[in-house]
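These notes concern the structure reproduced below.
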Amino acid sequence: TLKAGIVGLPNVGKSTLFNAVVENGKAQAANFPFCTIEPNVGIVAVPDPRLHVLSALCNSQRAVPASIELVDIAGLVKGASQGEGLGNKFLSHIREVDSILQVVRCFEDNDVVHVNGKVDPKSDIDVINLELVFSDLDQIEKRMEKLKKGKPKDSQSNLKEEAEKSALERIQQALMDGKPARSVPLTDFEKDAVKHLCLLTVKPIVYVANVAESDLAAPEDNPHVKEVMNLASELQSGLVTISAQVESELTELPLEERTEYLESLGVDESGLGNLIRTTYGLLGLRTYFTSGEKETKAWTILAGMTAPQAAGVIHSDFEKGFIRAETVAYNDFVAAGSFAAAREKGLINSSLEVDLGFVLGLALDDLDL
Ligand code: GDP
């Protein structure tokens, strides 16, 4: 499962957002085992209307969405990378996630103290980035020392170490200029060579601009949001506008009243869908579906995966013993109405390459899982 960590300065709305998102997910997909694994870890469904269309077409007994594991990583403050006990622990939590969601406070509220005395997204973003940069620099320094002292090796591992050294030197330079490691172009071989370091600034970041409910309809009118937008594009990161407060209020409402409430604020869906879609997009993730009477299920793959690899996400045996995948594009399948009808019309592809948004023609009922 994809892991996303929520970070941000204190009092920006992290916990409010985390609790709302986990609570919301629970209510919207009753058939899915949503849970809070630990107080700060929750599983959230990836909202996808296609899942329900397919499930209805195939008379599935249940629909199982793809999911994301969300971690509330509280406590990242100035000086965390300086190794003061707790600070280090937060950084190690970040090391374990696939992507970072940084909540940035864009709402004014005199009752909610801001750690730096005023709402200032640029400074908030800089503080957190700097901690991540310091932590990476520290790690790279230690690694370089080790590489220097290394004993002679076979030519294969020598080649890899050379690639690692060269990549680390360039990353180090970028970090010293205050730029994230992900801004440094690397070859696949170099990427592979530095992967073991789990550098923090390699991880994709989505900035979550937390706005007042009155800003939801036209967030770009809020100068703080505008600033976050500019920074996000400068830092090659994603941006989502959300009101943690509204997300939290939504959880208190019965499902049927939520749409009405959102409409009254000038938006047509809760921020959760957007947040997850943006994270998916930034990570290059794609969804495919399997559909049968027992269930319709969404699976997450990386863009560019081949059919055997995609099948391996269901079960590693499917990758090892792969024969072929019969797939049909989502729109074709819905237009045809059934797998058999799609076959008659010649809409089924039987190939090794897969792309986004198709239905994998395996009925899960037929598989011995
Ligand atoms: P964290 O320290 O980042 O986890 O922040 P919390 O989620 O605990 O929120 C800190 C305070 O800000 C709480 O009193 C929240 O009710 C309040 N808060 C969170 N989001 C919003 C928001 O969108 N608008 C307003 N006005 N208050 C918010």
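Starting from 1 in every chain, residues are counted up; chains themselves are A, B, ... following the order of the structure tokens, and ligands are numbered from 1 as listed.
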Next item on the list: Within 12 Å of range 222-225 of chain A, counting only C-alpha atoms, which residues show up once you throw out same-chain ones fewer than 6 positions away? Write them as an MDAnalysis selection string, please.
Entry: chainID A and resid 103:108 118:125 207:216 231:232 239:243
Checklist line | Filtered DSSP result for range 8-196 of chain A, state strand (DSSP E or B), as a ChimeraX atom specification | finding: /A:36-38,41-45,62-64,67-72,99-105
Give me a file of those residues, with N, CA and C atoms, as a tab-separated table (two decimals), in the first residue's frame.
chain	number	residue	atom	x	y	z
A	36	THR	N	-8.11	2.71	11.86
A	36	THR	CA	-7.00	3.47	12.35
A	36	THR	C	-6.08	2.41	12.96
A	37	ILE	N	-4.95	2.17	12.32
A	37	ILE	CA	-4.07	1.10	12.76
A	37	ILE	C	-3.43	1.47	14.10
A	38	GLU	N	-2.92	2.69	14.15
A	38	GLU	CA	-2.40	3.26	15.38
A	38	GLU	C	-3.03	4.64	15.46
A	41	VAL	N	-1.98	6.43	12.39
A	41	VAL	CA	-1.92	5.74	11.10
A	41	VAL	C	-3.32	5.28	10.71
A	42	GLY	N	-3.76	5.65	9.52
A	42	GLY	CA	-5.09	5.24	9.08
A	42	GLY	C	-5.08	4.81	7.62
A	43	ILE	N	-6.05	3.98	7.26
A	43	ILE	CA	-6.17	3.55	5.87
A	43	ILE	C	-7.33	4.30	5.24
A	44	VAL	N	-7.10	4.88	4.09
A	44	VAL	CA	-8.13	5.68	3.43
A	44	VAL	C	-8.37	5.16	2.03
A	45	ALA	N	-9.64	5.11	1.63
A	45	ALA	CA	-9.98	4.64	0.28
A	45	ALA	C	-9.63	5.70	-0.76
A	62	ARG	N	-19.52	-6.87	-3.84
A	62	ARG	CA	-18.92	-5.73	-3.15
A	62	ARG	C	-17.91	-5.02	-4.04
A	63	ALA	N	-17.66	-3.78	-3.68
A	63	ALA	CA	-16.68	-2.97	-4.41
A	63	ALA	C	-15.55	-2.63	-3.46
A	64	VAL	N	-14.35	-2.95	-3.86
A	64	VAL	CA	-13.20	-2.70	-2.98
A	64	VAL	C	-12.28	-1.66	-3.60
A	67	SER	N	-6.40	1.72	-1.78
A	67	SER	CA	-6.27	2.45	-0.52
A	67	SER	C	-4.89	3.05	-0.35
A	68	ILE	N	-4.85	4.03	0.51
A	68	ILE	CA	-3.61	4.72	0.85
A	68	ILE	C	-3.45	4.65	2.36
A	69	GLU	N	-2.22	4.45	2.80
A	69	GLU	CA	-1.99	4.50	4.24
A	69	GLU	C	-1.52	5.91	4.59
A	70	LEU	N	-2.25	6.52	5.50
A	70	LEU	CA	-1.96	7.90	5.87
A	70	LEU	C	-1.32	7.93	7.25
A	71	VAL	N	-0.22	8.66	7.38
A	71	VAL	CA	0.45	8.74	8.68
A	71	VAL	C	0.53	10.20	9.12
A	72	ASP	N	0.06	10.47	10.31
A	72	ASP	CA	0.13	11.83	10.86
A	72	ASP	C	1.47	11.96	11.58
A	99	SER	N	5.35	9.37	-0.02
A	99	SER	CA	5.15	10.76	-0.40
A	99	SER	C	4.80	11.58	0.84
A	100	ILE	N	5.07	12.88	0.73
A	100	ILE	CA	4.88	13.77	1.87
A	100	ILE	C	3.74	14.74	1.56
A	101	LEU	N	2.82	14.86	2.48
A	101	LEU	CA	1.77	15.86	2.35
A	101	LEU	C	2.06	16.94	3.39
A	102	GLN	N	2.49	18.11	2.95
A	102	GLN	CA	2.75	19.16	3.92
A	102	GLN	C	1.58	20.12	4.04
A	103	VAL	N	0.96	20.12	5.21
A	103	VAL	CA	-0.13	21.04	5.46
A	103	VAL	C	0.45	22.42	5.74
A	104	VAL	N	-0.02	23.41	4.99
A	104	VAL	CA	0.46	24.78	5.15
A	104	VAL	C	-0.72	25.66	5.56
A	105	ARG	N	-0.53	26.36	6.65
A	105	ARG	CA	-1.65	27.16	7.15
A	105	ARG	C	-1.87	28.40	6.30
Notebook entry, point to check: Skipping near chain neighbours, those fewer than 4 positions away, what residues fall within 8 Å of Val113 in chain A using only C-alpha atoms, listed as a list in words?
Noted result: Asn11, Asp109 and Gly117 of chain A
Checklist line | Distance criterion (only C-alpha atoms and all ligand atoms): nearest to ligand 1 out of A:Leu51, A:Val46, A:Val115, A:Leu197 | finding: A:Val115
Next item on the list: Could you check which of A:Gln309, A:Thr259, A:Ser60, A:Ser338 is closest to Glu293 in chain A, using only C-alpha atoms?
Entry: A:Ser60
Check: In range 104-347 of chain A, what's helix (DSSP H, G or I) per DSSP? Answer as a ChimeraX atom specification?
Finding: /A:121-149,155-176,181-183,188-197,200-202,213-215,219-221,223-234,244-250,255-264,271-283,307-314,316-320,330-336,339-344
Item checked: From A:Glu256, A:Glu161, A:Asp126, A:Glu249, residue lying nearest ligand 1 [only C-alpha atoms and all ligand atoms] -> A:Glu249
Margin query: Give me, as an MDAnalysis selection string, all polymer residues having an atom no more than 12 Å from Gln139 in chain A, counting only C-alpha atoms and skipping those fewer than 5 positions away in the same chain.
Written below: chainID A and resid 81 83 91 95 132:134 144:146 168 171:172 175 194 196:201
Mind checking which residues fall within 9 Å of Thr16 in chain A, counting only C-alpha atoms, ignoring those fewer than 5 positions away in the same chain, and posting them as a PDB file with C-alpha atoms, in the first residue's frame?
ATOM      1  CA  VAL A  21     -10.003  12.058   6.250  1.00  0.00           C
ATOM      2  CA  ALA A 244      -9.459  20.870   7.286  1.00  0.00           C
ATOM      3  CA  GLN A 245     -12.285  22.419   9.273  1.00  0.00           C
ATOM      4  CA  GLU A 247     -13.547  18.153   6.112  1.00  0.00           C
ATOM      5  CA  SER A 248     -13.996  17.741   9.834  1.00  0.00           C
TER       6      SER A 248
END
Checklist line | Nearest residue to ligand 1 from the set A:Lys14, A:Lys320, A:Arg343, A:Lys142 (distances using only C-alpha atoms and all ligand atoms) | finding: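 Closest candidate: A:Lys14.
One finds CA of Thr296 in chain A at 20.4 Å from CA of Glu319 in chain A.
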Next item on the list: Provide the CA of Phe339 in chain A to CA of Lys294 in chain A distance in Å, to one decimal place.
Entry: 15.3 Å
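With distances restricted to only C-alpha atoms and all ligand atoms, A:Val12 is the closest residue to ligand 1 from A:Met229, A:Ile94, A:Ala218, A:Val12.
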Next item on the list: Write out as an MDAnalysis selection string the residues lying within 8 Å of Glu96 in chain A, counting only C-alpha atoms and excluding same-chain residues fewer than 3 positions away.
Entry: chainID A and resid 3 92:93
